[in-house]
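Before any comments, here is the structure.
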Amino acid sequence: MNTFTPLASLLGGILIGLSAVALLLLNGRIAGISGITAGLLSFSDKAPDRGWRIAFIVGLVAAPLMLMLLSGDRPDISFVVPLPLTLLAGLLVGFGTVLGNGCTSGHGICGVARLSPRSIIATVVFMAAGIATTFVTQHLIAGG
Amino acid sequence: MSRILAGLIAGLLFGAGLSISGMINPAKVVGFLNIAGAWDPSLAFVMLGGVIVTAVGYGTVLRRSQPLFEPRFTLPTRRDIDPPLLLGAGLFGIGWGLGGYCPGPALAGIGFGHPETMAFVLSMLAGMVLARQNANFLAHLKWKAEGTV
């Protein structure tokens, strides 16, 4: 069903790495998407670094659209679970990444690259949980 | 202003990477995690490219005394493995495997207008707010051997 795309995926990974390096060099920050996003959600204190976080997310949303305009190809985006489960998934991802201080980018790329023990453990745990979950949804339930 | 521009540039690079790599597609992510099925190992290459470039680049950048637009680097310093880390990563992994979305690709996909993407993002933001509101309580989750839970 999915095509194996090692070169495109490697190139994408390299761009993500360049983004992480650029953000550290310029702003001295870790490119963790959950951290950047969650940092915008504190309404009580006046966060002085709101600007670059919003700009990062604007870029994150804009780039795939710009690529679509350049290439003329709409990226393939398809979903594997019905809407109620998508909502549950979102809740778990939001809650879990704030509780665990990071996601695939902050722990999986930046933290692993820094050889942070917390990030390495977190990455092993979320990969294992993800694999176990797809095993349940794709094999035990869907029977595929 | 320079810090905002830096954020924009980093966001554009990140979004381009997610789109080109195919990670913006939840079905592809699930195809990667589904190692017992028709396994698509592509996304291992995202991690490989990302980690190598970041490791080399960070090593170079951190030889500087400070970043270009800030007085100092803001880096995590904790090294302890505590229950919130494990519980959080576990819950995140379940959500990731269920929906095929982690935070970056979900946000990067907003522009394509799929209702599922919007639903996921709003739900994710709610989950983040919920965890932040309970941050004080959750931070006190301790190993049982340490006493107070």
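Letters A, B, ... go to the chains of the structure tokens in the order shown; residues in each chain start at 1; ligands are counted from 1 in the same order.
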**Report entry** Residue set, chain A restricted to helix (DSSP H, G or I), as a PyMOL selection string
**Finding:** chain A and resi 6-27+33-38+50-71+83-99+104-113+117-141
Based on the selection just made, write C-alpha atoms of those residues as an mmCIF file, in the first residue's frame.
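Contents of part_27.cif, freshly written:
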```cif
data_model
loop_
_atom_site.group_PDB
_atom_site.id
_atom_site.type_symbol
_atom_site.label_atom_id
_atom_site.label_comp_id
_atom_site.auth_asym_id
_atom_site.auth_seq_id
_atom_site.Cartn_x
_atom_site.Cartn_y
_atom_site.Cartn_z
ATOM 1 C CA PRO A 6 14.234 5.948 1.177
ATOM 2 C CA LEU A 7 15.740 8.875 -0.762
ATOM 3 C CA ALA A 8 12.832 11.288 -0.289
ATOM 4 C CA SER A 9 12.623 10.330 3.386
ATOM 5 C CA LEU A 10 16.381 10.752 3.862
ATOM 6 C CA LEU A 11 16.234 14.170 2.178
ATOM 7 C CA GLY A 12 13.276 15.134 4.386
ATOM 8 C CA GLY A 13 15.210 14.025 7.463
ATOM 9 C CA ILE A 14 18.215 16.104 6.384
ATOM 10 C CA LEU A 15 15.978 19.193 6.046
ATOM 11 C CA ILE A 16 14.556 18.555 9.527
ATOM 12 C CA GLY A 17 18.118 18.302 10.829
ATOM 13 C CA LEU A 18 19.040 21.572 9.118
ATOM 14 C CA SER A 19 16.018 23.193 10.751
ATOM 15 C CA ALA A 20 17.153 21.976 14.179
ATOM 16 C CA VAL A 21 20.707 23.229 13.608
ATOM 17 C CA ALA A 22 19.445 26.604 12.332
ATOM 18 C CA LEU A 23 17.195 27.105 15.360
ATOM 19 C CA LEU A 24 20.036 26.312 17.775
ATOM 20 C CA LEU A 25 22.540 28.514 15.931
ATOM 21 C CA LEU A 26 20.184 31.481 15.592
ATOM 22 C CA ASN A 27 17.926 31.366 18.657
ATOM 23 C CA ILE A 33 7.464 20.865 18.016
ATOM 24 C CA SER A 34 5.461 19.918 21.107
ATOM 25 C CA GLY A 35 7.573 22.260 23.250
ATOM 26 C CA ILE A 36 7.331 25.124 20.764
ATOM 27 C CA THR A 37 3.551 24.658 20.548
ATOM 28 C CA ALA A 38 2.904 24.100 24.251
ATOM 29 C CA ARG A 50 5.903 34.112 21.684
ATOM 30 C CA GLY A 51 6.990 35.698 18.390
ATOM 31 C CA TRP A 52 9.484 33.136 17.119
ATOM 32 C CA ARG A 53 7.220 30.253 18.188
ATOM 33 C CA ILE A 54 4.323 31.612 16.128
ATOM 34 C CA ALA A 55 6.687 32.308 13.204
ATOM 35 C CA PHE A 56 8.019 28.726 13.390
ATOM 36 C CA ILE A 57 4.504 27.291 13.186
ATOM 37 C CA VAL A 58 3.594 29.653 10.343
ATOM 38 C CA GLY A 59 6.632 28.324 8.441
ATOM 39 C CA LEU A 60 5.738 24.744 9.337
ATOM 40 C CA VAL A 61 2.238 25.169 7.877
ATOM 41 C CA ALA A 62 3.347 27.255 4.883
ATOM 42 C CA ALA A 63 6.206 25.074 3.581
ATOM 43 C CA PRO A 64 4.109 22.045 2.513
ATOM 44 C CA LEU A 65 1.681 24.405 0.728
ATOM 45 C CA MET A 66 4.557 26.165 -1.044
ATOM 46 C CA LEU A 67 5.958 22.792 -2.135
ATOM 47 C CA MET A 68 2.548 21.850 -3.495
ATOM 48 C CA LEU A 69 2.389 25.068 -5.520
ATOM 49 C CA LEU A 70 5.911 24.498 -6.853
ATOM 50 C CA SER A 71 5.495 20.843 -7.746
ATOM 51 C CA LEU A 83 -12.787 10.604 13.518
ATOM 52 C CA PRO A 84 -13.571 9.720 17.167
ATOM 53 C CA LEU A 85 -10.325 7.741 17.396
ATOM 54 C CA THR A 86 -8.471 10.622 15.739
ATOM 55 C CA LEU A 87 -9.758 12.870 18.532
ATOM 56 C CA LEU A 88 -8.610 10.379 21.163
ATOM 57 C CA ALA A 89 -5.224 10.120 19.440
ATOM 58 C CA GLY A 90 -4.837 13.902 19.493
ATOM 59 C CA LEU A 91 -5.662 14.070 23.183
ATOM 60 C CA LEU A 92 -3.102 11.362 24.012
ATOM 61 C CA VAL A 93 -0.428 13.002 21.859
ATOM 62 C CA GLY A 94 -0.994 16.448 23.388
ATOM 63 C CA PHE A 95 -1.149 15.221 26.982
ATOM 64 C CA GLY A 96 1.699 12.730 26.582
ATOM 65 C CA THR A 97 4.147 15.095 24.905
ATOM 66 C CA VAL A 98 3.695 17.776 27.578
ATOM 67 C CA LEU A 99 3.954 15.219 30.395
ATOM 68 C CA THR A 104 9.428 12.761 17.841
ATOM 69 C CA SER A 105 11.369 15.959 17.095
ATOM 70 C CA GLY A 106 12.521 17.163 20.509
ATOM 71 C CA HIS A 107 13.346 13.706 21.901
ATOM 72 C CA GLY A 108 13.627 11.584 18.734
ATOM 73 C CA ILE A 109 15.834 13.895 16.659
ATOM 74 C CA CYS A 110 17.339 16.655 18.825
ATOM 75 C CA GLY A 111 17.623 14.700 22.079
ATOM 76 C CA VAL A 112 18.961 11.528 20.481
ATOM 77 C CA ALA A 113 21.492 13.648 18.547
ATOM 78 C CA PRO A 117 19.535 9.687 28.279
ATOM 79 C CA ARG A 118 16.007 11.026 28.880
ATOM 80 C CA SER A 119 15.434 11.455 25.150
ATOM 81 C CA ILE A 120 16.859 8.061 24.230
ATOM 82 C CA ILE A 121 14.598 6.352 26.787
ATOM 83 C CA ALA A 122 11.575 8.428 25.706
ATOM 84 C CA THR A 123 12.211 7.564 22.048
ATOM 85 C CA VAL A 124 12.435 3.840 22.811
ATOM 86 C CA VAL A 125 9.207 4.043 24.843
ATOM 87 C CA PHE A 126 7.133 5.977 22.298
ATOM 88 C CA MET A 127 8.387 3.849 19.391
ATOM 89 C CA ALA A 128 7.513 0.670 21.310
ATOM 90 C CA ALA A 129 4.101 2.052 22.296
ATOM 91 C CA GLY A 130 3.427 3.123 18.703
ATOM 92 C CA ILE A 131 4.412 -0.279 17.315
ATOM 93 C CA ALA A 132 2.296 -2.081 19.931
ATOM 94 C CA THR A 133 -0.686 0.171 19.189
ATOM 95 C CA THR A 134 -0.547 -0.346 15.420
ATOM 96 C CA PHE A 135 -0.249 -4.069 16.048
ATOM 97 C CA VAL A 136 -3.535 -3.928 17.962
ATOM 98 C CA THR A 137 -5.335 -1.649 15.490
ATOM 99 C CA GLN A 138 -3.986 -3.147 12.246
ATOM 100 C CA HIS A 139 -3.886 -6.855 13.135
ATOM 101 C CA LEU A 140 -6.029 -7.700 16.148
ATOM 102 C CA ILE A 141 -8.897 -5.332 15.265
#
```
Query raised in the report: Which of these, A:Gly102, A:Ala31, A:Asp76, A:Val81, has the shortest distance to Thr3 of chain A once you count only C-alpha atoms?
Result: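 Of the candidates, the smallest distance to Thr3 of chain A is held by A:Asp76.
Between atom CA of Pro76 of chain B and atom CA of Phe120 of chain B the interatomic distance comes to 27.6 Å.
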Report task. Tell me, in Å to one decimal, how far atom CA of Gly104 of chain B is from atom CA of Leu138 of chain B. Result ->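 Going from atom CA of Gly104 of chain B over to atom CA of Leu138 of chain B, I get 24.2 Å.
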